[in-house]
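Everything below belongs to my_file.txt, which stores compact mmCIF, C-alpha atoms.
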# COMPACT_ATOMS: atom_id res chain seq x y z
CA MET T 1 -94.41 -47.80 2.69
CA GLY T 2 -91.33 -48.40 4.78
CA ILE T 3 -88.80 -45.98 6.20
CA LEU T 4 -88.93 -42.42 4.85
CA ILE T 5 -85.89 -41.27 2.92
CA SER T 6 -85.43 -38.33 5.29
CA GLU T 7 -85.02 -40.82 8.15
CA MET T 8 -82.37 -42.95 6.46
CA ARG T 9 -78.98 -43.08 8.19
CA GLU T 10 -75.64 -44.65 7.30
CA GLY T 11 -75.51 -48.38 8.00
CA LYS T 12 -79.28 -48.75 8.28
CA ALA T 13 -81.05 -51.61 6.52
CA VAL T 14 -83.94 -50.42 4.36
CA GLU T 15 -87.00 -52.06 2.85
CA GLY T 16 -89.97 -50.18 1.48
CA ILE T 17 -91.91 -48.86 -1.50
CA TYR T 18 -90.48 -45.85 -3.34
CA LEU T 19 -91.02 -43.93 -6.56
CA VAL T 20 -88.39 -44.21 -9.29
CA ARG T 21 -87.64 -40.60 -10.23
CA SER T 22 -84.81 -41.41 -12.66
CA LYS T 23 -82.95 -44.42 -13.99
CA SER T 24 -79.69 -45.00 -15.85
CA ILE T 25 -77.36 -47.87 -16.73
CA GLY T 26 -73.60 -47.55 -16.43
CA THR T 27 -70.48 -49.66 -16.77
CA THR T 28 -67.53 -49.88 -14.42
CA ARG T 29 -63.93 -49.67 -15.63
CA ALA T 30 -63.85 -53.43 -15.41
CA GLY T 31 -66.77 -53.63 -17.81
CA LYS T 32 -69.40 -54.62 -15.25
CA THR T 33 -72.90 -53.22 -15.66
CA PHE T 34 -74.55 -51.36 -12.78
CA LEU T 35 -77.92 -49.66 -12.35
CA THR T 36 -78.43 -46.20 -10.87
CA LEU T 37 -81.85 -45.19 -9.59
CA LYS T 38 -83.05 -42.02 -7.91
CA LEU T 39 -85.69 -43.14 -5.44
CA GLY T 40 -88.12 -40.72 -3.86
CA ASP T 41 -90.98 -40.33 -1.44
CA ARG T 42 -92.74 -37.32 0.05
CA SER T 43 -89.76 -36.58 2.32
CA GLY T 44 -87.04 -36.42 -0.34
CA GLU T 45 -84.95 -38.52 -2.68
CA MET T 46 -81.78 -40.60 -2.64
CA GLU T 47 -79.51 -42.19 -5.21
CA ALA T 48 -79.50 -45.98 -5.21
CA LYS T 49 -77.13 -48.46 -6.88
CA VAL T 50 -77.65 -52.04 -7.96
CA TRP T 51 -74.29 -53.76 -8.49
CA GLU T 52 -75.35 -57.41 -8.66
CA GLY T 53 -77.96 -58.39 -11.23
CA ALA T 54 -78.20 -54.86 -12.59
CA GLU T 55 -79.57 -55.85 -16.02
CA LYS T 56 -82.32 -57.96 -14.48
CA ALA T 57 -83.20 -55.20 -12.02
CA SER T 58 -83.33 -52.68 -14.86
CA LYS T 59 -86.05 -54.69 -16.57
CA GLU T 60 -88.10 -54.55 -13.38
CA CYS T 61 -88.64 -50.81 -13.37
CA SER T 62 -88.81 -47.57 -15.33
CA THR T 63 -88.97 -43.92 -14.38
CA GLY T 64 -92.34 -43.22 -12.76
CA ASP T 65 -92.76 -46.78 -11.43
CA PHE T 66 -93.28 -47.70 -7.81
CA VAL T 67 -90.79 -50.29 -6.60
CA LYS T 68 -90.25 -52.36 -3.52
CA ALA T 69 -86.56 -51.90 -2.71
CA ALA T 70 -84.36 -53.54 -0.11
CA GLY T 71 -80.79 -52.69 0.73
CA GLN T 72 -78.50 -50.71 2.99
CA VAL T 73 -77.62 -47.05 3.40
CA ASN T 74 -73.96 -46.21 2.81
CA GLU T 75 -71.96 -42.98 2.53
CA TYR T 76 -70.14 -42.18 -0.71
CA ASN T 77 -68.28 -38.94 -1.40
CA GLY T 78 -69.94 -37.32 1.59
CA LYS T 79 -73.47 -38.24 0.51
CA LEU T 80 -75.81 -40.98 1.63
CA GLN T 81 -76.52 -43.62 -0.99
CA LEU T 82 -78.52 -46.83 -1.09
CA THR T 83 -76.92 -50.10 -2.15
CA LEU T 84 -79.79 -52.35 -3.20
CA GLN T 85 -79.95 -56.11 -3.01
CA SER T 86 -83.37 -56.29 -4.63
CA VAL T 87 -85.78 -54.06 -6.52
CA LYS T 88 -89.18 -55.08 -7.89
CA ARG T 89 -91.97 -53.07 -9.53
CA VAL T 90 -95.23 -53.00 -7.57
CA GLU T 91 -98.72 -51.94 -8.58
CA GLY T 92 -101.84 -51.64 -6.53
CA ALA T 93 -104.97 -49.59 -5.98
CA ASP T 94 -103.81 -48.81 -2.45
CA ILE T 95 -100.81 -46.80 -3.74
CA ASN T 96 -101.51 -43.08 -3.81
CA PRO T 97 -98.95 -41.22 -5.97
CA ARG T 98 -99.41 -38.11 -3.81
CA ASP T 99 -97.81 -40.01 -0.91
CA PHE T 100 -94.57 -40.10 -2.88
CA LEU T 101 -94.28 -36.44 -3.80
CA PRO T 102 -93.37 -33.59 -1.42
CA SER T 103 -96.16 -31.14 -0.60
CA SER T 104 -96.45 -27.62 0.75
CA LYS T 105 -96.59 -27.36 4.52
CA ARG T 106 -99.43 -24.86 4.13
CA GLY T 107 -103.00 -26.12 3.94
CA ALA T 108 -104.66 -26.09 0.52
CA ASP T 109 -107.90 -24.54 1.83
CA GLU T 110 -105.98 -21.82 3.67
CA MET T 111 -104.03 -20.88 0.54
CA ALA T 112 -107.15 -20.97 -1.64
CA ALA T 113 -108.87 -18.53 0.71
CA GLU T 114 -105.83 -16.24 0.63
CA LEU T 115 -105.78 -16.36 -3.17
CA SER T 116 -109.44 -15.28 -3.29
CA ALA T 117 -108.64 -12.38 -0.96
CA CYS T 118 -105.76 -11.32 -3.22
CA ILE T 119 -108.00 -11.36 -6.30
CA ARG T 120 -110.53 -9.14 -4.52
CA LYS T 121 -107.84 -6.51 -3.99
CA VAL T 122 -107.73 -5.87 -7.75
CA LYS T 123 -110.35 -3.16 -8.25
CA ASP T 124 -109.92 -2.43 -11.97
CA PRO T 125 -113.06 -3.99 -13.53
CA HIS T 126 -111.33 -5.40 -16.62
CA LEU T 127 -108.40 -6.91 -14.71
CA ALA T 128 -110.73 -8.25 -12.02
CA LYS T 129 -112.94 -9.92 -14.63
CA LEU T 130 -109.87 -11.45 -16.29
CA LEU T 131 -108.64 -12.89 -12.98
CA LEU T 132 -112.03 -14.37 -12.12
CA MET T 133 -112.37 -15.86 -15.60
CA ILE T 134 -109.04 -17.67 -15.20
CA PHE T 135 -108.97 -18.63 -11.54
CA GLN T 136 -112.61 -19.67 -11.20
CA ALA T 137 -112.41 -22.20 -14.03
CA PRO T 138 -112.70 -25.53 -12.14
CA ALA T 139 -110.05 -27.45 -14.12
CA PHE T 140 -107.51 -24.64 -13.89
CA LYS T 141 -108.28 -24.03 -10.21
CA GLU T 142 -107.47 -27.65 -9.39
CA LYS T 143 -104.21 -27.62 -11.35
CA PHE T 144 -103.08 -24.26 -9.96
CA SER T 145 -103.57 -25.41 -6.37
CA THR T 146 -101.68 -28.66 -7.02
CA ALA T 147 -98.77 -27.69 -9.29
CA PRO T 148 -95.21 -27.11 -8.06
CA ALA T 149 -93.49 -23.82 -8.87
CA ALA T 150 -90.42 -25.54 -10.34
CA LYS T 151 -88.85 -28.93 -10.89
CA ALA T 152 -85.96 -28.35 -8.51
CA MET T 153 -84.96 -24.72 -7.96
CA HIS T 154 -87.64 -23.45 -5.54
CA HIS T 155 -91.06 -24.46 -4.22
CA ALA T 156 -90.51 -27.82 -5.95
CA TYR T 157 -93.43 -29.60 -4.32
CA LEU T 158 -97.17 -29.97 -4.72
CA GLY T 159 -98.88 -26.70 -3.89
CA GLY T 160 -95.61 -24.84 -4.44
CA LEU T 161 -96.93 -22.71 -7.30
CA LEU T 162 -99.80 -21.31 -5.25
CA GLU T 163 -97.54 -20.83 -2.22
CA HIS T 164 -94.95 -18.96 -4.32
CA THR T 165 -97.58 -16.78 -5.99
CA LEU T 166 -99.04 -15.75 -2.64
CA SER T 167 -95.58 -14.99 -1.25
CA VAL T 168 -94.68 -12.77 -4.22
CA PHE T 169 -98.05 -11.02 -3.87
CA ARG T 170 -97.33 -10.20 -0.21
CA LEU T 171 -93.90 -8.87 -1.11
CA CYS T 172 -95.32 -6.64 -3.84
CA GLU T 173 -98.07 -5.50 -1.49
CA ASP T 174 -95.39 -4.38 0.98
CA VAL T 175 -93.26 -2.63 -1.64
CA ALA T 176 -95.93 -0.89 -3.73
CA PRO T 177 -96.88 1.80 -1.16
CA ARG T 178 -93.29 3.10 -1.26
CA PHE T 179 -93.82 4.14 -4.89
CA PRO T 180 -97.02 6.18 -5.26
CA GLU T 181 -96.87 6.12 -9.06
CA VAL T 182 -97.23 2.33 -9.17
CA ASP T 183 -100.46 1.00 -10.67
CA ARG T 184 -101.29 -1.50 -7.94
CA ASP T 185 -104.07 -3.19 -9.90
CA LEU T 186 -101.72 -3.81 -12.81
CA LEU T 187 -98.94 -5.02 -10.50
CA PHE T 188 -101.22 -7.32 -8.47
CA ALA T 189 -102.80 -8.81 -11.60
CA GLY T 190 -99.32 -9.42 -13.02
CA VAL T 191 -98.25 -11.17 -9.81
CA LEU T 192 -101.25 -13.50 -9.81
CA LEU T 193 -100.79 -14.39 -13.49
CA HIS T 194 -97.00 -14.42 -13.82
CA ASP T 195 -96.56 -18.19 -13.45
CA ILE T 196 -99.93 -19.65 -14.45
CA GLY T 197 -98.32 -21.31 -17.49
CA LYS T 198 -96.52 -23.66 -15.12
CA VAL T 199 -99.68 -25.70 -14.61
CA ASP T 200 -99.09 -27.01 -18.14
CA GLU T 201 -95.31 -26.62 -18.30
CA LEU T 202 -94.69 -29.01 -15.40
CA GLU T 203 -95.66 -32.63 -14.88
CA TYR T 204 -96.62 -33.55 -11.33
CA SER T 205 -98.82 -36.64 -11.36
CA ARG T 206 -96.13 -39.17 -10.37
CA ASN T 207 -92.90 -37.27 -10.76
CA LEU T 208 -91.80 -33.66 -10.90
CA GLY T 209 -90.64 -32.89 -14.41
CA TYR T 210 -91.51 -31.13 -17.64
CA THR T 211 -94.28 -31.89 -20.11
CA ASP T 212 -93.56 -31.92 -23.83
CA ARG T 213 -95.42 -28.60 -24.14
CA GLY T 214 -93.39 -27.23 -21.28
CA ARG T 215 -90.06 -28.04 -22.85
CA LEU T 216 -91.07 -27.01 -26.36
CA ILE T 217 -92.92 -23.81 -25.49
CA GLY T 218 -92.24 -22.80 -21.87
CA HIS T 219 -94.54 -21.32 -19.26
CA ILE T 220 -94.17 -17.68 -20.33
CA ALA T 221 -95.46 -18.41 -23.84
CA LEU T 222 -98.16 -20.72 -22.48
CA GLU T 223 -99.54 -18.13 -20.07
CA LEU T 224 -99.32 -15.35 -22.65
CA GLU T 225 -101.50 -17.44 -24.95
CA GLN T 226 -104.00 -18.18 -22.18
CA VAL T 227 -104.24 -14.56 -21.01
CA SER T 228 -104.56 -13.28 -24.57
CA GLU T 229 -107.46 -15.64 -25.29
CA CYS T 230 -109.28 -14.53 -22.15
CA ILE T 231 -108.71 -10.84 -22.86
CA ARG T 232 -110.27 -11.27 -26.32
CA ALA T 233 -113.34 -12.72 -24.62
CA ILE T 234 -113.83 -9.63 -22.40
CA PRO T 235 -115.73 -6.85 -24.22
CA GLY T 236 -114.03 -3.47 -24.10
CA PHE T 237 -110.78 -4.61 -22.50
CA PRO T 238 -108.45 -1.62 -23.12
CA ASP T 239 -105.65 -2.34 -25.59
CA GLU T 240 -103.10 -0.33 -23.61
CA LYS T 241 -103.88 -2.23 -20.41
CA ALA T 242 -103.56 -5.53 -22.24
CA ILE T 243 -100.15 -4.54 -23.61
CA LEU T 244 -98.84 -3.52 -20.19
CA LEU T 245 -100.12 -6.69 -18.52
CA LYS T 246 -98.54 -8.87 -21.20
CA HIS T 247 -95.30 -6.98 -20.72
CA LEU T 248 -95.29 -7.97 -17.04
CA LEU T 249 -95.67 -11.62 -18.00
CA LEU T 250 -93.02 -11.49 -20.72
CA SER T 251 -90.43 -9.66 -18.62
CA HIS T 252 -90.84 -11.22 -15.19
CA HIS T 253 -87.62 -13.27 -15.49
CA GLY T 254 -85.74 -10.02 -15.97
CA LYS T 255 -83.15 -11.07 -18.56
CA GLU T 256 -83.12 -12.83 -21.90
CA GLU T 257 -80.72 -15.51 -20.60
CA PHE T 258 -83.24 -16.36 -17.88
CA GLY T 259 -86.04 -16.90 -20.37
CA SER T 260 -87.67 -13.49 -20.77
CA PRO T 261 -87.87 -12.18 -24.35
CA VAL T 262 -87.85 -8.58 -23.03
CA LYS T 263 -86.46 -6.81 -19.97
CA PRO T 264 -88.72 -4.96 -17.51
CA MET T 265 -89.47 -1.53 -18.98
CA ILE T 266 -92.11 -0.21 -16.59
CA LEU T 267 -91.96 0.14 -12.81
CA GLU T 268 -94.57 -2.55 -12.16
CA ALA T 269 -92.60 -5.04 -14.26
CA LEU T 270 -89.38 -4.20 -12.42
CA ILE T 271 -90.99 -4.73 -9.01
CA LEU T 272 -92.55 -8.02 -10.10
CA ASN T 273 -89.22 -9.29 -11.43
CA MET T 274 -87.30 -8.36 -8.29
CA MET T 275 -89.89 -9.71 -5.84
CA ASP T 276 -90.23 -12.91 -7.85
CA ASP T 277 -86.46 -13.31 -7.79
CA LEU T 278 -86.29 -12.52 -4.06
CA ASP T 279 -88.92 -15.09 -3.13
CA ALA T 280 -87.44 -17.80 -5.37
CA LYS T 281 -83.88 -17.38 -4.11
CA THR T 282 -84.91 -16.96 -0.48
CA GLN T 283 -86.78 -20.23 -0.64
CA ALA T 284 -83.80 -21.88 -2.37
CA PHE T 285 -81.51 -20.63 0.43
CA ARG T 286 -83.90 -22.00 3.04
CA GLY T 287 -83.90 -25.38 1.36
CA MET T 288 -80.11 -25.44 1.27
CA MET T 289 -79.89 -24.52 4.96
CA GLU T 290 -82.37 -27.22 5.92
CA GLY T 291 -80.83 -29.88 3.66
CA SER T 292 -79.07 -32.85 5.20
CA GLN T 293 -76.14 -32.67 2.76
CA GLY T 294 -73.09 -30.59 3.63
CA ASP T 295 -71.88 -30.16 7.21
CA GLU T 296 -73.13 -28.35 10.31
CA ARG T 297 -72.10 -24.91 9.06
CA TRP T 298 -72.20 -25.07 5.26
CA SER T 299 -74.75 -26.38 2.80
CA ALA T 300 -73.83 -28.59 -0.10
CA TYR T 301 -72.80 -26.77 -3.29
CA HIS T 302 -75.77 -25.58 -5.36
CA LYS T 303 -75.01 -25.80 -9.08
CA ARG T 304 -77.80 -23.50 -10.21
CA LEU T 305 -76.88 -20.73 -7.74
CA GLY T 306 -73.17 -21.46 -8.09
CA GLN T 307 -72.44 -21.23 -4.37
CA PHE T 308 -72.59 -22.63 -0.84
CA VAL T 309 -74.84 -21.20 1.89
CA PHE T 310 -73.57 -20.56 5.41
CA LYS T 311 -75.81 -22.23 8.01
CA GLY T 312 -74.40 -20.45 11.06
CA PHE T 313 -71.66 -20.41 13.70
CA ALA T 314 -71.22 -22.83 16.60
CA THR T 315 -74.10 -23.17 19.06
CA GLU T 316 -73.89 -23.48 22.82
CA ASP T 317 -74.09 -27.26 22.62
CA GLY T 318 -70.82 -27.28 20.69
CA GLN T 319 -72.19 -28.10 17.27
CA GLY T 320 -70.37 -26.50 14.35
CA ALA T 321 -67.16 -24.50 14.69
CA GLY T 322 -65.96 -20.93 15.09
CA ARG T 323 -64.95 -18.43 12.41
CA ASP T 324 -61.24 -19.24 12.87
CA ASP T 325 -61.64 -22.50 11.00
CA ALA T 326 -64.65 -21.55 8.94
CA GLU T 327 -63.20 -22.68 5.63
CA PRO T 328 -65.74 -25.17 4.21
CA GLY T 329 -63.31 -28.06 4.26
CA GLY T 330 -64.30 -31.05 2.20
CA LEU T 331 -66.94 -29.11 0.27
CA GLU T 332 -65.13 -28.72 -3.01
CA ALA T 333 -67.02 -27.05 -5.82
CA PRO T 334 -67.55 -29.17 -8.93
CA SER T 335 -64.79 -28.97 -11.51
CA SER T 336 -67.31 -27.34 -13.88
CA PRO T 337 -69.61 -25.25 -11.66
CA SER T 338 -71.14 -23.66 -14.74
CA ASP T 339 -72.50 -26.98 -15.97
CA LYS T 340 -76.28 -26.89 -16.07
CA ASP T 341 -78.33 -29.54 -14.32
CA GLU T 342 -81.33 -31.18 -15.88
CA ASP T 343 -83.71 -28.47 -14.77
CA HIS T 344 -85.15 -25.88 -17.14
CA PRO T 345 -82.63 -23.10 -17.98
CA THR T 346 -84.26 -20.40 -15.87
CA LEU T 347 -83.96 -19.54 -12.21
CA PHE T 348 -87.64 -19.06 -11.54

I need this file expressed as structure tokens, please.
Amino acid sequence: MGILISEMREGKAVEGIYLVRSKSIGTTRAGKTFLTLKLGDRSGEMEAKVWEGAEKASKECSTGDFVKAAGQVNEYNGKLQLTLQSVKRVEGADINPRDFLPSSKRGADEMAAELSACIRKVKDPHLAKLLLMIFQAPAFKEKFSTAPAAKAMHHAYLGGLLEHTLSVFRLCEDVAPRFPEVDRDLLFAGVLLHDIGKVDELEYSRNLGYTDRGRLIGHIALELEQVSECIRAIPGFPDEKAILLKHLLLSHHGKEEFGSPVKPMILEALILNMMDDLDAKTQAFRGMMEGSQGDERWSAYHKRLGQFVFKGFATEDGQGAGRDDAEPGGLEAPSSPSDKDEDHPTLF
């Protein structure tokens, strides 16, 4: 495969096979054509430029292709960037697309066992039957254990959806005992089902992105349709319970501008929304703190969150700096921090 993107350093020569995650053609002020690629592997992604022979190189690859790229790592505007001398599409049976996408650090079997344990904690017979009907379907089970939770915002890697769901479940399990009036079965079922539409909303075979259904319909509508169909197949499923469960799904983003058609109006929906938000943003913060962009003390600016994240003060080995000069010098916010990136217009 070649050197991993996470191991690339300024001035280093690079040659290897990478996945083209995006592609665009531009023109300099002098009228010269150049090619911009976003290359990725399981460790991350990096922008790459082709300045010489850009039109020819553009014909060699498209988004979703594997390419053999050779060039050098440079720094531009505080970020590492590849300048390519050559790029050529490659095909072969020995290329496994999963090697080019990031994956959860947790084991798939471990998470699957934890999911089964979570389902068993739902004692209501109708809700339990609904969960088993959905999660024991072989095709769905495979997709749910593989899908990411988002394209970019949080848990944006294979297995991320299952990892996020389990994390939100644990949070709700911790919070629920503080409120005796909470219907734990309803809350737990809502947690397990709140993002199942993402298995069809997101595309994750070669690249992380959105399917046509995902962009046109969205995961909340997709999962509402799936849950409704299953409920109709369960004899005697109480209408009131179905309404409350659907409300949890519809309101779990909390606000209309985040994609929910209704706000949380019952305690279980409120808890689900807040724990979902907590887990998503905590994981986003972690990713920003671990990211290579930015400096020793501050992360790079996050457009979706509209902020920097503080990584910490100076350590004993002298890395970083003290509070006296803690202004994040050189980390200027974009001129239009409200501009949306290409991700779906929700935070979750």

For each of T:Leu162, T:Val122, T:Ala280, T:Ala150, take the minimum atom-to-atom distance to T:Gly218, counting all atoms listed in the file, then give the residue where this is smallest.
-> T:Ala150

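The space separating atom CA of T:Gly92 from atom CA of T:Lys68 comes to 12.0 Å.
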
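Using all atoms listed in the file, the shortest contact distance between T:Ala233 and any of T:Arg213, T:His247, T:His252, T:Lys129 is found at T:Lys129.
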
Between atom CA of T:Gln136 and atom CA of T:Leu222 lies a distance of 18.4 Å

Do a neighbour search on stretch 29-32 of chain T at 12 Å with only C-alpha atoms, toss out local chain neighbours closer than 5 positions, and write the hits as a PDB file with C-alpha atoms, in the frame of the given file.
ATOM      1  CA  VAL T  50     -77.650 -52.040  -7.960  1.00  0.00           C
ATOM      2  CA  TRP T  51     -74.290 -53.760  -8.490  1.00  0.00           C
ATOM      3  CA  GLU T  52     -75.350 -57.410  -8.660  1.00  0.00           C
ATOM      4  CA  GLY T  53     -77.960 -58.390 -11.230  1.00  0.00           C
ATOM      5  CA  ALA T  54     -78.200 -54.860 -12.590  1.00  0.00           C
ATOM      6  CA  GLU T  55     -79.570 -55.850 -16.020  1.00  0.00           C
TER       7      GLU T  55
END

Centre and size of axis-aligned box enclosing stretch 194-198 of chain T plus 3 Å each side, as lines of an AutoDock Vina configuration file:
center_x = -98.2
center_y = -19.0
center_z = -15.5
size_x = 9.4
size_y = 15.2
size_z = 10.0

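The gap separating atom CA of T:Phe188 from atom CA of T:Ala242 is 14.1 Å, in Å to one decimal.
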
Got a sec to check which residues sit within 7 Å of (-88.4, -43.6, -11.7), counting all atoms listed in the file, and write them as an NGL selection string?
-> :T and (19-23 or 38-39 or 62-65)

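For the set T:Glu15, T:Thr83, T:Gly312, T:Lys198, the residue with the smallest atom-to-atom gap to T:Glu223 is T:Lys198, counting all atoms listed in the file.
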
For T:Glu240, which residue among T:Thr27, T:Glu47, T:His126, T:His155 is the nearest when counting only C-alpha atoms?
-> T:His126

Which residue of T:Glu203, T:Asp185, T:Asp279, T:Asp99 approaches T:Lys151 most closely, using only C-alpha atoms | T:Glu203
